[in-house]
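To be precise, the following lines are query_26.txt, and they hold compact mmCIF, C-alpha atoms.
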# COMPACT_ATOMS: atom_id res chain seq x y z
CA MET A 1 -21.66 -69.09 -24.19
CA ILE A 2 -25.07 -70.68 -23.54
CA ARG A 3 -27.67 -70.06 -26.23
CA LEU A 4 -31.41 -70.74 -26.13
CA PRO A 5 -33.47 -70.23 -29.31
CA PHE A 6 -36.38 -67.79 -29.31
CA PRO A 7 -39.79 -69.38 -29.55
CA CYS A 8 -41.07 -66.77 -30.48
CA ARG A 9 -27.38 -50.70 -47.34
CA ARG A 10 -25.41 -48.95 -46.55
CA THR A 11 -24.67 -47.34 -49.88
CA ALA A 12 -22.48 -44.32 -49.90
CA GLN A 13 -21.15 -42.08 -52.60
CA ALA A 14 -17.93 -40.31 -51.86
CA THR A 15 -15.73 -38.03 -53.91
CA VAL A 16 -12.11 -38.98 -53.46
CA VAL A 17 -8.99 -37.03 -54.32
CA LEU A 18 -5.73 -38.89 -54.94
CA VAL A 19 -2.64 -37.11 -53.64
CA THR A 20 0.90 -38.15 -54.56
CA CYS A 21 3.78 -37.85 -52.15
CA GLY A 22 6.79 -36.02 -53.55
CA LEU A 23 5.46 -36.09 -57.12
CA VAL A 24 3.72 -33.47 -59.22
CA ALA A 25 0.62 -34.85 -60.89
CA ARG A 26 -0.80 -33.51 -64.13
CA PRO A 27 -3.91 -31.38 -63.62
CA ILE A 28 -7.10 -33.36 -63.40
CA GLY A 29 -9.62 -32.23 -65.97
CA HIS A 30 -12.71 -33.22 -64.02
CA ALA A 31 -13.59 -34.14 -60.45
CA GLN A 32 -13.55 -37.88 -60.00
CA THR A 33 -16.46 -39.61 -58.26
CA VAL A 34 -16.07 -43.13 -56.89
CA ASN A 35 -19.14 -45.14 -55.90
CA VAL A 36 -18.33 -47.53 -53.08
CA PRO A 37 -21.07 -50.20 -52.74
CA GLY A 38 -20.22 -51.13 -49.16
CA GLY A 39 -19.94 -47.55 -48.00
CA LEU A 40 -16.94 -45.66 -46.68
CA PRO A 41 -16.14 -45.83 -42.94
CA THR A 42 -17.29 -42.86 -40.92
CA HIS A 43 -13.85 -42.71 -39.34
CA VAL A 44 -10.44 -43.56 -40.70
CA ASN A 45 -8.87 -45.75 -38.08
CA ALA A 46 -5.52 -46.89 -39.44
CA THR A 47 -1.86 -45.93 -39.63
CA TYR A 48 0.05 -45.93 -42.91
CA GLN A 49 3.81 -46.11 -43.29
CA GLU A 50 5.74 -45.11 -46.41
CA PRO A 51 9.49 -45.57 -46.96
CA GLY A 52 11.39 -42.41 -46.11
CA LEU A 53 8.50 -40.87 -44.19
CA GLY A 54 7.57 -40.94 -40.56
CA GLY A 55 4.42 -42.58 -39.30
CA TRP A 56 1.20 -40.89 -40.37
CA THR A 57 -2.03 -41.38 -38.45
CA PRO A 58 -5.16 -40.02 -40.12
CA ASP A 59 -7.44 -37.70 -38.18
CA THR A 60 -10.01 -39.87 -36.39
CA THR A 61 -12.39 -37.04 -35.50
CA GLY A 62 -14.16 -37.39 -38.85
CA THR A 63 -13.63 -38.38 -42.44
CA ALA A 64 -13.15 -35.58 -44.97
CA ALA A 65 -14.27 -35.97 -48.56
CA GLN A 66 -12.84 -33.47 -51.04
CA ALA A 67 -13.98 -32.40 -54.52
CA THR A 68 -11.58 -30.88 -57.02
CA SER A 69 -12.11 -28.24 -59.65
CA GLY A 70 -10.83 -28.46 -63.23
CA ASN A 71 -7.35 -27.19 -62.33
CA GLY A 72 -6.88 -29.73 -59.56
CA THR A 73 -7.52 -27.42 -56.58
CA VAL A 74 -9.88 -28.39 -53.79
CA SER A 75 -13.27 -26.78 -54.34
CA GLN A 76 -15.29 -28.40 -51.57
CA THR A 77 -14.64 -30.34 -48.38
CA THR A 78 -17.24 -32.14 -46.30
CA THR A 79 -16.70 -34.01 -43.03
CA ALA A 80 -18.73 -36.93 -41.79
CA GLY A 81 -20.13 -37.06 -38.29
CA THR A 82 -18.60 -38.87 -35.34
CA SER A 83 -21.59 -40.73 -33.91
CA ASP A 84 -20.45 -44.28 -34.63
CA SER A 85 -19.67 -46.46 -31.64
CA ASP A 86 -16.26 -47.93 -30.88
CA ALA A 87 -17.76 -51.40 -31.39
CA LEU A 88 -18.92 -50.45 -34.88
CA GLU A 89 -15.41 -49.30 -35.71
CA THR A 90 -14.17 -52.75 -34.67
CA LEU A 91 -16.76 -54.39 -36.89
CA TYR A 92 -15.77 -52.20 -39.84
CA GLN A 93 -12.17 -53.32 -39.49
CA GLN A 94 -13.23 -56.83 -40.54
CA SER A 95 -13.35 -57.71 -44.24
CA TRP A 96 -17.01 -58.70 -43.82
CA GLY A 97 -17.96 -55.83 -41.49
CA TYR A 98 -19.62 -53.50 -43.98
CA ALA A 99 -21.74 -56.30 -45.45
CA ALA A 100 -22.84 -57.28 -41.93
CA ALA A 101 -23.81 -53.70 -41.10
CA GLN A 102 -25.69 -53.24 -44.36
CA ASN A 103 -27.66 -56.46 -43.91
CA ALA A 104 -28.50 -55.55 -40.31
CA GLU A 105 -29.94 -52.24 -41.49
CA ALA A 106 -32.00 -54.09 -44.11
CA LEU A 107 -33.59 -56.03 -41.24
CA GLY A 108 -34.21 -52.87 -39.22
CA VAL A 109 -31.41 -53.54 -36.74
CA ASN A 110 -28.90 -50.91 -35.64
CA PRO A 111 -25.40 -51.95 -36.81
CA SER A 112 -23.91 -50.60 -33.56
CA ALA A 113 -26.04 -53.02 -31.54
CA LEU A 114 -24.94 -55.87 -33.80
CA ALA A 115 -21.31 -54.77 -33.43
CA ALA A 116 -21.64 -54.64 -29.63
CA THR A 117 -22.72 -58.28 -29.62
CA CYS A 118 -19.90 -59.24 -31.95
CA VAL A 119 -17.30 -57.52 -29.76
CA VAL A 120 -18.52 -59.24 -26.58
CA GLU A 121 -18.81 -62.67 -28.17
CA SER A 122 -15.51 -62.89 -30.03
CA GLY A 123 -13.89 -59.50 -30.48
CA CYS A 124 -15.40 -59.78 -34.00
CA GLN A 125 -13.08 -62.67 -34.82
CA ASN A 126 -14.37 -65.70 -36.70
CA LEU A 127 -13.65 -68.30 -34.05
CA TYR A 128 -14.24 -72.02 -34.46
CA THR A 129 -15.29 -73.25 -31.02
CA ALA A 130 -17.71 -76.10 -31.77
CA GLY A 131 -16.93 -79.45 -30.20
CA ASN A 132 -17.48 -81.63 -27.15
CA GLY A 133 -21.20 -81.74 -27.81
CA SER A 134 -21.56 -78.01 -28.46
CA THR A 135 -22.28 -76.45 -31.86
CA ILE A 136 -21.70 -72.85 -30.71
CA THR A 137 -19.17 -71.21 -33.00
CA GLY A 138 -18.33 -68.20 -35.16
CA ALA A 139 -17.98 -64.47 -34.69
CA PHE A 140 -21.40 -64.28 -33.06
CA GLN A 141 -21.09 -67.59 -31.17
CA MET A 142 -24.38 -69.12 -32.28
CA SER A 143 -25.51 -72.72 -32.03
CA ASN A 144 -26.60 -74.55 -35.17
CA GLY A 145 -30.23 -74.60 -34.09
CA THR A 146 -30.47 -70.91 -33.25
CA TYR A 147 -28.49 -69.98 -36.35
CA SER A 148 -30.74 -71.98 -38.68
CA GLN A 149 -33.95 -70.70 -37.07
CA THR A 150 -33.05 -67.02 -37.10
CA LEU A 151 -31.44 -67.10 -40.54
CA GLY A 152 -34.68 -68.56 -41.87
CA GLU A 153 -36.63 -65.75 -40.20
CA ALA A 154 -34.33 -63.13 -41.70
CA LEU A 155 -34.60 -64.52 -45.23
CA ALA A 156 -38.37 -64.73 -44.91
CA ALA A 157 -38.46 -61.08 -43.85
CA ASP A 158 -36.11 -59.96 -46.63
CA PRO A 159 -35.60 -62.55 -49.39
CA SER A 160 -33.10 -60.27 -51.15
CA LEU A 161 -30.56 -61.10 -48.44
CA SER A 162 -30.21 -64.60 -49.90
CA SER A 163 -27.95 -63.22 -52.63
CA SER A 164 -25.36 -62.05 -50.10
CA ILE A 165 -25.04 -65.09 -47.84
CA THR A 166 -23.35 -68.49 -47.90
CA SER A 167 -26.04 -71.15 -48.10
CA GLY A 168 -26.11 -74.44 -46.26
CA THR A 169 -24.19 -75.41 -43.16
CA ALA A 170 -21.08 -73.61 -44.43
CA GLY A 171 -22.83 -70.33 -43.67
CA GLN A 172 -22.54 -71.00 -39.95
CA GLN A 173 -18.81 -70.39 -40.19
CA ASP A 174 -19.09 -67.47 -42.60
CA PRO A 175 -19.20 -64.35 -40.40
CA ALA A 176 -21.13 -62.19 -42.87
CA THR A 177 -23.83 -64.87 -43.10
CA GLN A 178 -23.87 -65.54 -39.37
CA ALA A 179 -24.24 -61.79 -38.84
CA VAL A 180 -27.60 -61.93 -40.64
CA ALA A 181 -28.81 -64.58 -38.19
CA ALA A 182 -27.40 -62.64 -35.23
CA ALA A 183 -29.15 -59.46 -36.34
CA GLN A 184 -32.46 -61.32 -36.53
CA TYR A 185 -31.79 -62.84 -33.10
CA LEU A 186 -31.31 -59.33 -31.70
CA LYS A 187 -34.51 -58.22 -33.42
CA ASP A 188 -36.36 -61.10 -31.77
CA ALA A 189 -34.82 -60.10 -28.44
CA ALA A 190 -35.96 -56.51 -28.86
CA THR A 191 -39.51 -57.66 -29.62
CA SER A 192 -39.50 -59.87 -26.55
CA LEU A 193 -38.23 -57.01 -24.36
CA GLN A 194 -40.86 -54.62 -25.73
CA GLN A 195 -43.51 -57.11 -24.70
CA SER A 196 -41.98 -56.99 -21.20
CA GLY A 197 -42.32 -53.22 -20.99
CA ILE A 198 -38.96 -51.97 -22.29
CA SER A 199 -40.07 -49.62 -25.06
CA ASN A 200 -36.67 -48.99 -26.65
CA PRO A 201 -34.38 -51.96 -25.93
CA THR A 202 -30.64 -51.34 -26.15
CA ALA A 203 -27.74 -53.65 -26.87
CA LEU A 204 -27.15 -53.93 -23.11
CA ASP A 205 -30.83 -54.67 -22.45
CA ALA A 206 -30.75 -57.51 -24.96
CA ARG A 207 -27.52 -59.06 -23.76
CA ALA A 208 -29.18 -61.49 -21.35
CA CYS A 209 -31.72 -62.49 -24.02
CA TYR A 210 -28.90 -63.26 -26.42
CA ASN A 211 -27.10 -65.33 -23.79
CA PHE A 212 -29.86 -66.98 -21.80
CA GLY A 213 -33.04 -66.87 -23.89
CA PRO A 214 -36.09 -64.58 -23.86
CA SER A 215 -37.60 -65.57 -20.53
CA ALA A 216 -34.51 -65.16 -18.35
CA GLY A 217 -33.38 -62.29 -20.56
CA ALA A 218 -36.51 -60.25 -19.90
CA GLU A 219 -36.30 -60.92 -16.16
CA ILE A 220 -32.68 -59.80 -16.00
CA ALA A 221 -33.32 -56.75 -18.16
CA THR A 222 -36.02 -55.55 -15.76
CA ALA A 223 -34.36 -56.68 -12.50
CA ASP A 224 -32.89 -54.43 -9.79
CA ASP A 225 -29.13 -54.03 -9.77
CA SER A 226 -28.96 -55.64 -6.34
CA SER A 227 -30.58 -58.90 -7.50
CA LEU A 228 -28.37 -61.96 -7.87
CA MET A 229 -27.82 -63.42 -11.33
CA SER A 230 -28.33 -66.85 -9.77
CA SER A 231 -31.99 -65.96 -9.28
CA TYR A 232 -32.55 -66.03 -13.05
CA ILE A 233 -30.15 -68.49 -14.67
CA SER A 234 -28.93 -72.01 -13.96
CA SER A 235 -25.62 -72.91 -12.39
CA THR A 236 -24.58 -74.40 -15.73
CA ALA A 237 -25.29 -71.13 -17.52
CA MET A 238 -23.42 -69.24 -14.82
CA SER A 239 -20.29 -71.39 -15.00
CA GLY A 240 -20.40 -71.34 -18.79
CA ASN A 241 -20.33 -67.54 -18.72
CA ASN A 242 -17.90 -67.06 -15.82
CA ILE A 243 -20.57 -65.69 -13.48
CA SER A 244 -20.08 -66.40 -9.79
CA SER A 245 -22.82 -67.21 -7.30
CA THR A 246 -22.42 -63.78 -5.70
CA THR A 247 -22.55 -61.73 -8.90
CA THR A 248 -25.35 -59.19 -8.88
CA VAL A 249 -27.30 -58.05 -11.92
CA GLY A 250 -25.72 -54.63 -11.53
CA GLN A 251 -22.21 -56.07 -11.53
CA TRP A 252 -22.99 -58.19 -14.56
CA ARG A 253 -24.44 -55.19 -16.41
CA ALA A 254 -21.37 -53.11 -15.62
CA ALA A 255 -19.03 -55.82 -16.90
CA VAL A 256 -20.99 -56.21 -20.14
CA ALA A 257 -21.25 -52.45 -20.67
CA ALA A 258 -17.47 -52.11 -20.23
CA LYS A 259 -16.93 -54.64 -23.04
CA MET A 260 -19.51 -53.04 -25.33
CA GLY A 261 -18.23 -49.51 -24.79
CA SER A 262 -20.31 -46.71 -26.23
CA ALA A 263 -22.46 -49.21 -28.15
CA ALA A 264 -24.04 -50.50 -24.93
CA SER A 265 -26.68 -47.78 -25.09
CA SER A 266 -27.37 -48.25 -28.81
CA SER A 267 -31.01 -48.95 -29.63
CA ILE A 268 -31.49 -52.31 -31.31
CA LEU A 269 -34.29 -51.31 -33.65
CA THR A 270 -33.90 -48.55 -36.22
CA GLY A 271 -37.58 -48.02 -36.90
For this file, write the structure as structure tokens.
Amino acid sequence: MIRLPFPCRRTAQATVVLVTCGLVARPIGHAQTVNVPGGLPTHVNATYQEPGLGGWTPDTTGTAAQATSGNGTVSQTTTAGTSDSDALETLYQQSWGYAAAQNAEALGVNPSALAATCVVESGCQNLYTAGNGSTITGAFQMSNGTYSQTLGEALAADPSLSSSITSGTAGQQDPATQAVAAAQYLKDAATSLQQSGISNPTALDARACYNFGPSAGAEIATADDSSLMSSYISSTAMSGNNISSTTTVGQWRAAVAAKMGSAASSSILTG
């Protein structure tokens, strides 16, 4: 991917009930409350297998939290909503996903928009792709220059984030740290797009900014679907992003939106 620099907590409390399979547990005297610093996922999205039992797939329409009374019976059940994007679910499946989402929110960036970028860039995998003169690498495929610039902006905006990142050049290959820089980069993109007349930029609107810089990004975001991508970016940028000379802006948008899924329409800014 070609990158041009811009000139320019989730804390949840859940009540969890432990259920044994095939065993009778002694009555629980009091409801147990577990504080989870990173937050619980809005959806359970996994399959668990236990010897002697068939496959069990949790309900993915929402996550139920149950409270128990003194005799161990369920006294209250609440179910979370289902508004999270598919991209955010992919982000949450990573060991660093919740930290990334929490830090994005601290910067005023919608975690779904951050997740959409992560999914398109690497499938949210921490790839090492630097080499042959390029420094672009990581889950968010950022160059060293852009990473350093935007990470500095993020830490200046919220110094408390410094306690949750990997300092120095090693942070470029730490996905949770790179996510902070990527969130700031998206925030910069949203600001640039607002100055170009897009009042509520989405993850799809910002995609060209993230790839090609603020100038070309704003032009593409406001262009007609019938316009050619070659009118806005160089042949090098096109070949580096597998864009043909006949690709229209509309075709490019459709391809990006298909990769982002429901997160394509996510607003970048939360406030």
### Query
Nearest to Thr246 (chain A) among A:Ser227, A:Gln93, A:Met260, A:Gln172, with distances taken over all atoms listed in the file: which residue is it?
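Nearest to Thr246 (chain A): A:Ser227.
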### Message
I need the residue nearest Ser143 (chain A) from this list: A:Asn242, A:Ser235, A:Gln173, A:Ser95. Use only C-alpha atoms for the distance.
### Response
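For Ser143 (chain A), the nearest of the candidates is A:Gln173.
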### Task
Could you please determine the separation between CA of Pro159 (chain A) and CA of Phe140 (chain A) in Å, to one decimal place?
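Here the two named atoms are 21.7 Å from each other.
Distance check against Ser85 (chain A) using only C-alpha atoms: of A:Leu228, A:Leu193, A:Ile243, A:Ala203, the minimum falls on A:Ala203.
As for CA of Ser266 (chain A) and CA of Ala113 (chain A), they are spaced 5.7 Å apart.
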### Spatial neighbours of region 100-107 of chain A, max dist 10 Å, only C-alpha atoms, sep filter under 3 positions, as a PyMOL selection string
chain A and resi 9-11+38-39+88+91-92+94-97+110-115+154-155+157-158+160-161+164-165+175-184+186-187+269-271
Restrict the selected residues to C-alpha atoms and save them as an mmCIF file, keeping the file's coordinate frame.
data_model
loop_
_atom_site.group_PDB
_atom_site.id
_atom_site.type_symbol
_atom_site.label_atom_id
_atom_site.label_comp_id
_atom_site.auth_asym_id
_atom_site.auth_seq_id
_atom_site.Cartn_x
_atom_site.Cartn_y
_atom_site.Cartn_z
ATOM 1 C CA ARG A 9 -27.380 -50.700 -47.340
ATOM 2 C CA ARG A 10 -25.410 -48.950 -46.550
ATOM 3 C CA THR A 11 -24.670 -47.340 -49.880
ATOM 4 C CA GLY A 38 -20.220 -51.130 -49.160
ATOM 5 C CA GLY A 39 -19.940 -47.550 -48.000
ATOM 6 C CA LEU A 88 -18.920 -50.450 -34.880
ATOM 7 C CA LEU A 91 -16.760 -54.390 -36.890
ATOM 8 C CA TYR A 92 -15.770 -52.200 -39.840
ATOM 9 C CA GLN A 94 -13.230 -56.830 -40.540
ATOM 10 C CA SER A 95 -13.350 -57.710 -44.240
ATOM 11 C CA TRP A 96 -17.010 -58.700 -43.820
ATOM 12 C CA GLY A 97 -17.960 -55.830 -41.490
ATOM 13 C CA ASN A 110 -28.900 -50.910 -35.640
ATOM 14 C CA PRO A 111 -25.400 -51.950 -36.810
ATOM 15 C CA SER A 112 -23.910 -50.600 -33.560
ATOM 16 C CA ALA A 113 -26.040 -53.020 -31.540
ATOM 17 C CA LEU A 114 -24.940 -55.870 -33.800
ATOM 18 C CA ALA A 115 -21.310 -54.770 -33.430
ATOM 19 C CA ALA A 154 -34.330 -63.130 -41.700
ATOM 20 C CA LEU A 155 -34.600 -64.520 -45.230
ATOM 21 C CA ALA A 157 -38.460 -61.080 -43.850
ATOM 22 C CA ASP A 158 -36.110 -59.960 -46.630
ATOM 23 C CA SER A 160 -33.100 -60.270 -51.150
ATOM 24 C CA LEU A 161 -30.560 -61.100 -48.440
ATOM 25 C CA SER A 164 -25.360 -62.050 -50.100
ATOM 26 C CA ILE A 165 -25.040 -65.090 -47.840
ATOM 27 C CA PRO A 175 -19.200 -64.350 -40.400
ATOM 28 C CA ALA A 176 -21.130 -62.190 -42.870
ATOM 29 C CA THR A 177 -23.830 -64.870 -43.100
ATOM 30 C CA GLN A 178 -23.870 -65.540 -39.370
ATOM 31 C CA ALA A 179 -24.240 -61.790 -38.840
ATOM 32 C CA VAL A 180 -27.600 -61.930 -40.640
ATOM 33 C CA ALA A 181 -28.810 -64.580 -38.190
ATOM 34 C CA ALA A 182 -27.400 -62.640 -35.230
ATOM 35 C CA ALA A 183 -29.150 -59.460 -36.340
ATOM 36 C CA GLN A 184 -32.460 -61.320 -36.530
ATOM 37 C CA LEU A 186 -31.310 -59.330 -31.700
ATOM 38 C CA LYS A 187 -34.510 -58.220 -33.420
ATOM 39 C CA LEU A 269 -34.290 -51.310 -33.650
ATOM 40 C CA THR A 270 -33.900 -48.550 -36.220
ATOM 41 C CA GLY A 271 -37.580 -48.020 -36.900
#
### Message
Please report the interatomic distance between CA of Asn241 (chain A) and CA of Phe212 (chain A) in Å with one decimal.
### Response
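Distance between the two atoms: 10.0 Å.
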What's the 12 Å shell around Tyr185 (chain A), counting only C-alpha atoms, without same-chain residues fewer than 6 positions away, as a PDB file with C-alpha atoms, keeping the file's coordinate frame?
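Generated file (part-v5.pdb):
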ATOM      1  CA  ARG A   3     -27.670 -70.060 -26.230  1.00  0.00           C
ATOM      2  CA  LEU A   4     -31.410 -70.740 -26.130  1.00  0.00           C
ATOM      3  CA  PRO A   5     -33.470 -70.230 -29.310  1.00  0.00           C
ATOM      4  CA  PHE A   6     -36.380 -67.790 -29.310  1.00  0.00           C
ATOM      5  CA  PRO A   7     -39.790 -69.380 -29.550  1.00  0.00           C
ATOM      6  CA  CYS A   8     -41.070 -66.770 -30.480  1.00  0.00           C
ATOM      7  CA  ALA A 104     -28.500 -55.550 -40.310  1.00  0.00           C
ATOM      8  CA  LEU A 107     -33.590 -56.030 -41.240  1.00  0.00           C
ATOM      9  CA  GLY A 108     -34.210 -52.870 -39.220  1.00  0.00           C
ATOM     10  CA  VAL A 109     -31.410 -53.540 -36.740  1.00  0.00           C
ATOM     11  CA  ALA A 113     -26.040 -53.020 -31.540  1.00  0.00           C
ATOM     12  CA  LEU A 114     -24.940 -55.870 -33.800  1.00  0.00           C
ATOM     13  CA  THR A 117     -22.720 -58.280 -29.620  1.00  0.00           C
ATOM     14  CA  PHE A 140     -21.400 -64.280 -33.060  1.00  0.00           C
ATOM     15  CA  GLN A 141     -21.090 -67.590 -31.170  1.00  0.00           C
ATOM     16  CA  MET A 142     -24.380 -69.120 -32.280  1.00  0.00           C
ATOM     17  CA  SER A 143     -25.510 -72.720 -32.030  1.00  0.00           C
ATOM     18  CA  GLY A 145     -30.230 -74.600 -34.090  1.00  0.00           C
ATOM     19  CA  THR A 146     -30.470 -70.910 -33.250  1.00  0.00           C
ATOM     20  CA  TYR A 147     -28.490 -69.980 -36.350  1.00  0.00           C
ATOM     21  CA  SER A 148     -30.740 -71.980 -38.680  1.00  0.00           C
ATOM     22  CA  GLN A 149     -33.950 -70.700 -37.070  1.00  0.00           C
ATOM     23  CA  THR A 150     -33.050 -67.020 -37.100  1.00  0.00           C
ATOM     24  CA  LEU A 151     -31.440 -67.100 -40.540  1.00  0.00           C
ATOM     25  CA  GLY A 152     -34.680 -68.560 -41.870  1.00  0.00           C
ATOM     26  CA  GLU A 153     -36.630 -65.750 -40.200  1.00  0.00           C
ATOM     27  CA  ALA A 154     -34.330 -63.130 -41.700  1.00  0.00           C
ATOM     28  CA  GLN A 178     -23.870 -65.540 -39.370  1.00  0.00           C
ATOM     29  CA  ALA A 179     -24.240 -61.790 -38.840  1.00  0.00           C
ATOM     30  CA  THR A 191     -39.510 -57.660 -29.620  1.00  0.00           C
ATOM     31  CA  SER A 192     -39.500 -59.870 -26.550  1.00  0.00           C
ATOM     32  CA  ALA A 203     -27.740 -53.650 -26.870  1.00  0.00           C
ATOM     33  CA  ALA A 206     -30.750 -57.510 -24.960  1.00  0.00           C
ATOM     34  CA  ARG A 207     -27.520 -59.060 -23.760  1.00  0.00           C
ATOM     35  CA  CYS A 209     -31.720 -62.490 -24.020  1.00  0.00           C
ATOM     36  CA  TYR A 210     -28.900 -63.260 -26.420  1.00  0.00           C
ATOM     37  CA  ASN A 211     -27.100 -65.330 -23.790  1.00  0.00           C
ATOM     38  CA  GLY A 213     -33.040 -66.870 -23.890  1.00  0.00           C
ATOM     39  CA  PRO A 214     -36.090 -64.580 -23.860  1.00  0.00           C
ATOM     40  CA  ILE A 268     -31.490 -52.310 -31.310  1.00  0.00           C
ATOM     41  CA  LEU A 269     -34.290 -51.310 -33.650  1.00  0.00           C
TER      42      LEU A 269
END
### Message
Here is a test: counting all atoms listed in the file, which residue of A:Ser226, A:Ser262, A:Thr169, A:Ser267 is nearest to Pro201 (chain A)?
### Response
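Closest candidate: A:Ser267.
Close contacts of Met238 (chain A), defined as residues with an atom at most 12 Å away when counting all atoms listed in the file, with chain neighbours fewer than 6 positions off set aside, comprise A:Met1, A:Ile2, A:Ala208, A:Asn211, A:Phe212, A:Leu228, A:Met229, A:Ser230, A:Ser231, A:Tyr232, A:Ser244, A:Ser245, A:Thr246, A:Thr247, A:Thr248, A:Trp252.
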Just to be explicit: take each residue in the selection above, keep C-alpha atoms, and write the result as a compact mmCIF listing (two decimals), in the frame of the given file.
# COMPACT_ATOMS: atom_id res chain seq x y z
CA MET A 1 -21.66 -69.09 -24.19
CA ILE A 2 -25.07 -70.68 -23.54
CA ALA A 208 -29.18 -61.49 -21.35
CA ASN A 211 -27.10 -65.33 -23.79
CA PHE A 212 -29.86 -66.98 -21.80
CA LEU A 228 -28.37 -61.96 -7.87
CA MET A 229 -27.82 -63.42 -11.33
CA SER A 230 -28.33 -66.85 -9.77
CA SER A 231 -31.99 -65.96 -9.28
CA TYR A 232 -32.55 -66.03 -13.05
CA SER A 244 -20.08 -66.40 -9.79
CA SER A 245 -22.82 -67.21 -7.30
CA THR A 246 -22.42 -63.78 -5.70
CA THR A 247 -22.55 -61.73 -8.90
CA THR A 248 -25.35 -59.19 -8.88
CA TRP A 252 -22.99 -58.19 -14.56
### Task
Go through A:Gln194, A:Gln251, A:Ser167, A:Thr129 one by one, measure the shortest atom-to-atom distance of each to Ala218 (chain A) using all atoms listed in the file, and give the residue with the smallest value.
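Comparing A:Gln194, A:Gln251, A:Ser167, A:Thr129 against Ala218 (chain A), the winner is A:Gln194.
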### Query
Counting only C-alpha atoms, which of A:Val249, A:Ala130, A:Ala139, A:Ala116 gets nearest to Ala263 (chain A)?
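Among the listed residues, the smallest separation from Ala263 (chain A) belongs to A:Ala116.
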